[in-house]
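Reproduced below: entry-v6.cif, with mmCIF, C-alpha atoms.
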data_entry
loop_
_atom_site.label_atom_id
_atom_site.label_comp_id
_atom_site.auth_asym_id
_atom_site.auth_seq_id
_atom_site.Cartn_x
_atom_site.Cartn_y
_atom_site.Cartn_z
CA MET A 31 176.90 -147.89 -20.43
CA THR A 32 173.61 -148.53 -18.67
CA ALA A 33 173.08 -146.11 -15.79
CA LEU A 34 172.99 -147.70 -12.37
CA MET A 35 170.00 -147.01 -10.16
CA ARG A 36 171.03 -144.38 -7.65
CA GLY A 37 169.91 -143.34 -4.18
CA ARG A 38 170.85 -141.74 -0.87
CA ASP A 39 170.85 -142.56 2.82
CA PHE A 40 170.47 -140.07 5.61
CA SER A 41 169.19 -139.48 9.11
CA GLY A 42 168.69 -136.89 11.78
CA TRP A 43 172.32 -135.88 11.31
CA GLN A 44 171.15 -133.89 8.28
CA GLY A 45 168.47 -132.13 10.32
CA GLN A 46 165.28 -131.28 8.44
CA TYR A 47 166.46 -132.40 5.04
CA ASP A 48 165.15 -130.43 2.07
CA TRP A 49 163.49 -133.20 0.10
CA ALA A 50 162.51 -130.78 -2.66
CA SER A 51 166.22 -130.29 -3.43
CA LEU A 52 166.98 -134.01 -3.71
CA ASP A 53 168.30 -134.92 -7.16
CA PRO A 54 165.55 -136.69 -9.15
CA SER A 55 168.10 -139.37 -10.07
CA ALA A 56 168.08 -140.49 -6.42
CA GLU A 57 165.22 -142.94 -6.77
CA PHE A 58 165.63 -144.66 -3.41
CA VAL A 59 166.47 -143.45 0.10
CA MET A 60 167.53 -145.47 3.14
CA LEU A 61 166.49 -143.88 6.44
CA ARG A 62 168.03 -144.37 9.87
CA LEU A 63 165.61 -145.85 12.40
CA LEU A 64 167.26 -145.06 15.74
CA GLU A 65 169.64 -142.55 17.23
CA TRP A 66 173.05 -144.04 17.89
CA ARG A 67 175.90 -141.96 19.29
CA ALA A 68 176.72 -138.29 19.01
CA ALA A 69 180.17 -137.03 18.00
CA GLY A 70 182.87 -137.52 20.60
CA GLY A 71 181.36 -140.71 21.98
CA THR A 72 178.55 -139.03 23.93
CA ASN A 73 175.42 -141.17 23.89
CA TRP A 74 172.28 -139.80 22.38
CA PRO A 75 169.16 -140.60 24.38
CA TRP A 76 168.12 -143.94 22.95
CA GLY A 77 165.04 -143.51 20.83
CA ILE A 78 163.64 -143.09 17.37
CA ASP A 79 165.67 -140.97 14.96
CA HIS A 80 164.24 -137.51 15.46
CA GLN A 81 163.68 -136.99 11.72
CA LEU A 82 162.35 -140.46 10.87
CA ASP A 83 158.64 -139.63 10.95
CA ARG A 84 159.16 -136.54 8.81
CA ASN A 85 161.47 -138.34 6.38
CA VAL A 86 159.06 -141.23 5.86
CA LYS A 87 156.19 -138.84 5.12
CA LEU A 88 158.20 -136.59 2.77
CA GLY A 89 159.90 -139.51 1.07
CA ALA A 90 156.49 -140.87 0.14
CA GLN A 91 155.30 -137.42 -0.91
CA TYR A 92 158.24 -137.06 -3.29
CA GLY A 93 157.80 -140.54 -4.70
CA ARG A 94 161.03 -142.15 -3.48
CA VAL A 95 161.40 -145.85 -2.74
CA LEU A 96 162.13 -145.93 0.99
CA GLY A 97 163.86 -148.38 3.30
CA GLY A 98 165.06 -148.43 6.88
CA TYR A 99 168.46 -149.18 8.37
CA HIS A 100 169.66 -149.64 11.93
CA ARG A 101 173.22 -149.41 13.23
CA VAL A 102 173.54 -151.97 15.99
CA ASP A 103 175.79 -151.79 19.05
CA PRO A 104 176.98 -155.32 19.95
CA THR A 105 179.05 -153.89 22.82
CA ARG A 106 175.83 -153.00 24.66
CA TRP A 107 173.01 -155.14 23.32
CA THR A 108 172.38 -158.77 22.47
CA ALA A 109 171.48 -159.75 18.94
CA ALA A 110 167.96 -160.65 20.08
CA VAL A 111 167.38 -157.20 21.60
CA GLU A 112 168.66 -155.40 18.51
CA ALA A 113 166.57 -157.57 16.17
CA ARG A 114 163.37 -156.93 18.16
CA ARG A 115 164.08 -153.21 18.23
CA MET A 116 164.71 -153.07 14.48
CA VAL A 117 161.70 -155.16 13.46
CA GLY A 118 159.42 -153.17 15.75
CA LEU A 119 160.36 -149.84 14.20
CA LEU A 120 160.23 -151.16 10.64
CA ASP A 121 156.70 -152.37 11.31
CA LEU A 122 155.68 -149.16 13.03
CA TYR A 123 156.73 -147.03 10.06
CA GLY A 124 155.51 -149.37 7.33
CA LEU A 125 159.01 -150.11 6.07
CA MET A 126 158.60 -153.88 5.76
CA ALA A 127 155.86 -153.79 3.13
CA PRO A 128 156.29 -155.06 -0.45
CA GLY A 129 157.92 -152.40 -2.61
CA ARG A 130 160.07 -151.02 0.20
CA MET A 131 163.84 -151.35 0.05
CA ARG A 132 165.10 -154.46 1.83
CA PRO A 133 165.81 -153.42 5.46
CA ALA A 134 169.48 -153.13 6.37
CA VAL A 135 171.36 -153.79 9.59
CA ASP A 136 174.57 -151.75 9.89
CA ILE A 137 177.20 -153.87 11.69
CA GLU A 138 180.49 -152.09 12.31
CA LEU A 139 182.93 -151.26 15.08
CA THR A 140 181.66 -148.82 17.67
CA ASP A 141 183.60 -146.01 19.37
CA ASP A 142 184.04 -148.27 22.45
CA ALA A 143 187.45 -149.79 21.69
CA ALA A 144 187.50 -151.98 24.79
CA GLY A 145 183.95 -153.14 24.16
CA ASN A 146 184.73 -154.00 20.57
CA LYS A 147 187.43 -156.39 21.72
CA ARG A 148 184.98 -158.24 23.95
CA VAL A 149 182.53 -158.92 21.12
CA ASP A 150 182.68 -162.10 19.06
CA TRP A 151 181.55 -160.32 15.91
CA PRO A 152 181.05 -163.37 13.65
CA ARG A 153 179.01 -165.12 16.32
CA TRP A 154 176.97 -162.00 17.16
CA THR A 155 176.16 -161.49 13.47
CA ARG A 156 174.88 -165.03 13.06
CA GLU A 157 172.90 -164.74 16.28
CA PHE A 158 171.27 -161.66 14.80
CA PHE A 159 170.27 -163.62 11.70
CA ALA A 160 168.70 -166.30 13.90
CA ALA A 161 166.84 -163.73 16.02
CA TRP A 162 165.65 -161.92 12.90
CA ARG A 163 164.32 -165.14 11.38
CA GLU A 164 162.36 -165.92 14.55
CA LEU A 165 160.63 -162.55 14.29
CA THR A 166 159.95 -162.20 10.58
CA ALA A 167 160.06 -163.87 7.18
CA THR A 168 161.39 -160.65 5.62
CA PRO A 169 164.81 -160.87 3.93
CA LEU A 170 167.67 -158.78 5.28
CA ARG A 171 170.59 -156.68 4.04
CA VAL A 172 173.88 -156.15 5.92
CA TYR A 173 175.77 -152.87 5.62
CA ALA A 174 179.54 -153.00 6.19
CA SER A 175 182.76 -151.97 4.52
CA GLY A 176 184.03 -154.46 1.97
CA SER A 177 186.90 -155.68 4.13
CA ALA A 178 184.74 -155.87 7.27
CA TYR A 179 182.61 -158.64 5.80
CA VAL A 180 185.67 -160.87 6.05
CA ASP A 181 187.92 -159.25 8.67
CA LEU A 182 185.20 -158.44 11.22
CA LEU A 183 182.12 -160.51 10.43
CA GLY A 184 183.79 -163.79 9.51
CA GLY A 185 182.91 -163.96 5.83
CA VAL A 186 179.59 -164.49 4.10
CA THR A 187 179.79 -168.01 2.70
CA ASP A 188 177.67 -169.53 5.49
CA TRP A 189 175.10 -166.71 5.60
CA PRO A 190 171.47 -167.58 4.88
CA ALA A 191 170.41 -167.16 1.26
CA TRP A 192 167.98 -164.41 2.30
CA VAL A 193 170.81 -162.09 3.49
CA ASP A 194 172.59 -159.84 0.99
CA CYS A 195 175.12 -156.99 1.20
CA TRP A 196 175.26 -153.21 1.06
CA VAL A 197 178.94 -152.39 0.62
CA GLY A 198 180.27 -149.09 1.97
CA HIS A 199 183.34 -147.60 0.27
CA THR A 200 183.40 -143.98 1.27
CA ASN A 201 186.95 -143.14 2.34
CA VAL A 202 189.87 -144.33 0.19
CA TRP A 203 187.48 -145.24 -2.59
CA SER A 204 185.29 -142.13 -2.48
CA THR A 205 186.64 -140.45 -5.63
CA PRO A 206 186.13 -141.82 -9.15
CA THR A 207 189.43 -142.61 -10.89
CA ARG A 208 190.70 -142.41 -14.46
CA ASN A 209 188.01 -139.86 -15.28
CA ARG A 210 185.33 -142.53 -15.21
CA PRO A 211 181.76 -141.38 -14.52
CA ALA A 212 180.79 -141.79 -10.88
CA GLU A 213 178.11 -144.35 -11.73
CA GLU A 214 180.51 -146.53 -13.68
CA TRP A 215 183.20 -146.34 -11.00
CA ALA A 216 180.74 -146.91 -8.17
CA GLY A 217 180.12 -150.47 -9.23
CA GLN A 218 183.79 -151.41 -9.31
CA THR A 219 183.95 -152.73 -5.76
CA GLN A 220 187.00 -154.93 -5.38
CA TYR A 221 185.38 -157.20 -2.81
CA LEU A 222 183.75 -160.35 -4.12
CA LEU A 223 180.85 -161.40 -1.94
CA GLY A 224 179.55 -164.34 -3.89
CA GLY A 225 176.97 -162.26 -5.73
CA ARG A 226 175.45 -160.96 -2.48
CA ALA A 227 176.44 -157.32 -3.05
CA VAL A 228 173.35 -155.41 -4.18
CA LEU A 229 173.99 -151.83 -3.07
CA HIS A 230 177.20 -149.79 -3.05
CA GLN A 231 177.65 -146.67 -0.92
CA TYR A 232 180.33 -144.71 -2.70
CA ALA A 233 180.47 -141.09 -1.50
CA LYS A 234 179.41 -138.63 1.21
CA VAL A 235 178.75 -135.26 -0.47
CA PRO A 236 177.05 -134.08 1.77
CA VAL A 237 174.73 -137.08 2.25
CA ASP A 238 175.65 -140.65 1.47
CA PHE A 239 175.47 -141.58 -2.22
CA ASN A 240 174.49 -145.10 -3.21
CA CYS A 241 173.85 -147.10 -6.36
CA PHE A 242 172.92 -150.61 -7.38
CA MET A 243 175.76 -152.94 -8.17
CA PRO A 244 176.12 -153.67 -11.91
CA GLY A 245 173.52 -156.15 -13.08
CA LYS A 246 171.26 -155.68 -10.05
CA THR A 247 167.67 -154.55 -10.52
CA TRP A 248 164.73 -153.45 -8.42
CA ALA A 249 163.80 -157.11 -8.03
CA ASP A 250 167.09 -157.61 -6.16
CA ALA A 251 166.73 -154.49 -4.02
CA VAL A 252 163.11 -154.25 -2.86
CA LEU A 253 160.83 -156.47 -0.83
CA SER A 254 158.33 -158.65 -2.61
CA ALA A 255 155.14 -160.20 -1.28
CA THR A 256 156.92 -163.57 -1.11
CA PRO A 257 158.33 -164.31 2.36
CA ILE A 258 161.51 -166.26 3.16
CA GLY A 259 161.03 -169.96 2.59
CA ALA A 260 157.93 -169.64 0.40
#

Show me the file's structure as structure tokens.
Amino acid sequence: MTALMRGRDFSGWQGQYDWASLDPSAEFVMLRLLEWRAAGGTNWPWGIDHQLDRNVKLGAQYGRVLGGYHRVDPTRWTAAVEARRMVGLLDLYGLMAPGRMRPAVDIELTDDAAGNKRVDWPRWTREFFAAWRELTATPLRVYASGSAYVDLLGGVTDWPAWVDCWVGHTNVWSTPTRNRPAEEWAGQTQYLLGGRAVLHQYAKVPVDFNCFMPGKTWADAVLSATPIGA
């Protein structure tokens, strides 16, 4: 079996992460751009993830391929606002350059149950794509659980060709079965996304573990110098 490319994602939740201890097999790391919400529903002060600057510098020092992700809050912000915020920080930290991991927008239910019900999630998602495209010619990745792509976001069949998927299976599916190696199991996502699935988040021990989907390569995962539409 060919080993799948592996990586991690983390944020200020891990505090000052010890990059020297990071397994050398973790070749890429996705970094959170902005604070979101603290445990118990208490809002963090909105601002840059308090470890982002440090993580970008140390990630480069330790030779990891870096990317940025942003968890949006459609209960509070329009798609246009969230897209501007995300693009601005990606630019500021040099995370939209060729060779970086494709930036990812994390679209999932918030801890505001009433607010969630007011959001038209499929429409908001497509409005985000439109706002993103107005700001940049950089392709985009969407993080969600496998079922959420259909049940929450309205499916992927009408998404632009420049949007792909980062599938999160970290609860029921967090333990390899039938004694299969973690890498082999990690690619066995049961959700078919028309070939859009590029990354798979498969465990949280103690940071989030990720790998490429079977058959995917660096060319599928990182940004090139060729913009959308070229």

Counting all atoms listed in the file, the residue among A:Pro104, A:Gly185, A:Gly198, A:Pro257 that lies closest to Thr168 of chain A is A:Pro257

Apply the PyMOL selection byres ((chain A and resi 146-162) around 7) to the structure shown and report the selected residues as a VMD selection string.
chain A and resid 104 to 105 109 to 110 113 139 to 140 142 to 145 163 to 166 182 to 184

key: Of the listed residues A:Thr108, A:Thr187, A:Thr256, A:Asn240, that which approaches Pro169 of chain A most closely, counting only C-alpha atoms   =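 Of the candidates, the smallest distance to Pro169 of chain A is held by A:Thr256.
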
For the atom pair atom CA of Ala56 of chain A and atom CA of Arg36 of chain A, what is the interatomic distance in Å to one decimal place?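 Computing it gives 5.0 Å between the two atoms.
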
Atom CA of His230 of chain A sits from atom CA of Met243 of chain A at a separation of 6.2 Å

Box centre and edge lengths (Å, one decimal), axis-aligned, segment 77-86 of chain A plus 5 Å each side, as JSON:
{"center_x": 162.2, "center_y": -140.0, "center_z": 13.3, "size_x": 17.0, "size_y": 17.0, "size_z": 25.0}

note - atom CA of Ser55 of chain A and atom CA of Arg38 of chain A are separated by 9.9 Å

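The shortest atom-to-atom distance to Val59 of chain A, with all atoms listed in the file taken into account, belongs to A:Val95 out of A:Val237, A:Val172, A:Leu34, A:Val95.
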
| request: Apply the PyMOL selection byres ((chain A and resi 121) around 12) to the structure shown and report the selected residues as an MDAnalysis selection string. | output: chainID A and resid 63 97:98 114:120 122:127 130 133 165:166 168

So that I can check the surroundings of segment 189-195 of chain A, please list as a PDB file with C-alpha atoms, in the frame of the given file every protein, DNA and RNA residue that reaches within 7 Å of it, counting only C-alpha atoms and ignoring chain neighbours fewer than 5 positions away.
ATOM      1  CA  PRO A 169     164.810-160.870   3.930  1.00  0.00           C
ATOM      2  CA  LEU A 170     167.670-158.780   5.280  1.00  0.00           C
ATOM      3  CA  ARG A 171     170.590-156.680   4.040  1.00  0.00           C
ATOM      4  CA  VAL A 172     173.880-156.150   5.920  1.00  0.00           C
ATOM      5  CA  TYR A 173     175.770-152.870   5.620  1.00  0.00           C
ATOM      6  CA  ARG A 226     175.450-160.960  -2.480  1.00  0.00           C
ATOM      7  CA  ALA A 227     176.440-157.320  -3.050  1.00  0.00           C
ATOM      8  CA  VAL A 228     173.350-155.410  -4.180  1.00  0.00           C
ATOM      9  CA  LEU A 229     173.990-151.830  -3.070  1.00  0.00           C
ATOM     10  CA  ILE A 258     161.510-166.260   3.160  1.00  0.00           C
TER      11      ILE A 258
END

Q.
Calculated over all atoms listed in the file, which of the candidates A:Val135, A:Leu96, A:Ala90, A:Leu52 has the smallest distance to Ala251 of chain A?
A.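 Using all atoms listed in the file, the shortest distance to Ala251 of chain A belongs to A:Leu96.
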
Q | Residue among A:Asp188, A:Ile78, A:Asn85, A:His199 lying closest to Ser175 of chain A, counting all atoms listed in the file | A |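 Residue with the minimum atom-to-atom distance to Ser175 of chain A: A:His199.
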
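You can rank A:Ile137, A:Ala255, A:Val235, A:Met131 by their closest distance to Gln44 of chain A using all atoms listed in the file, and at the top of that list sits A:Val235.
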
Apply the PyMOL selection byres ((chain A and resi 245) around 10) to the structure shown and report the selected residues as an mmCIF file with C-alpha atoms, keeping the file's coordinate frame.
data_model
loop_
_atom_site.group_PDB
_atom_site.id
_atom_site.type_symbol
_atom_site.label_atom_id
_atom_site.label_comp_id
_atom_site.auth_asym_id
_atom_site.auth_seq_id
_atom_site.Cartn_x
_atom_site.Cartn_y
_atom_site.Cartn_z
ATOM 1 C CA THR A 32 173.610 -148.530 -18.670
ATOM 2 C CA LEU A 34 172.990 -147.700 -12.370
ATOM 3 C CA GLY A 217 180.120 -150.470 -9.230
ATOM 4 C CA VAL A 228 173.350 -155.410 -4.180
ATOM 5 C CA PHE A 242 172.920 -150.610 -7.380
ATOM 6 C CA MET A 243 175.760 -152.940 -8.170
ATOM 7 C CA PRO A 244 176.120 -153.670 -11.910
ATOM 8 C CA LYS A 246 171.260 -155.680 -10.050
ATOM 9 C CA THR A 247 167.670 -154.550 -10.520
ATOM 10 C CA ASP A 250 167.090 -157.610 -6.160
#
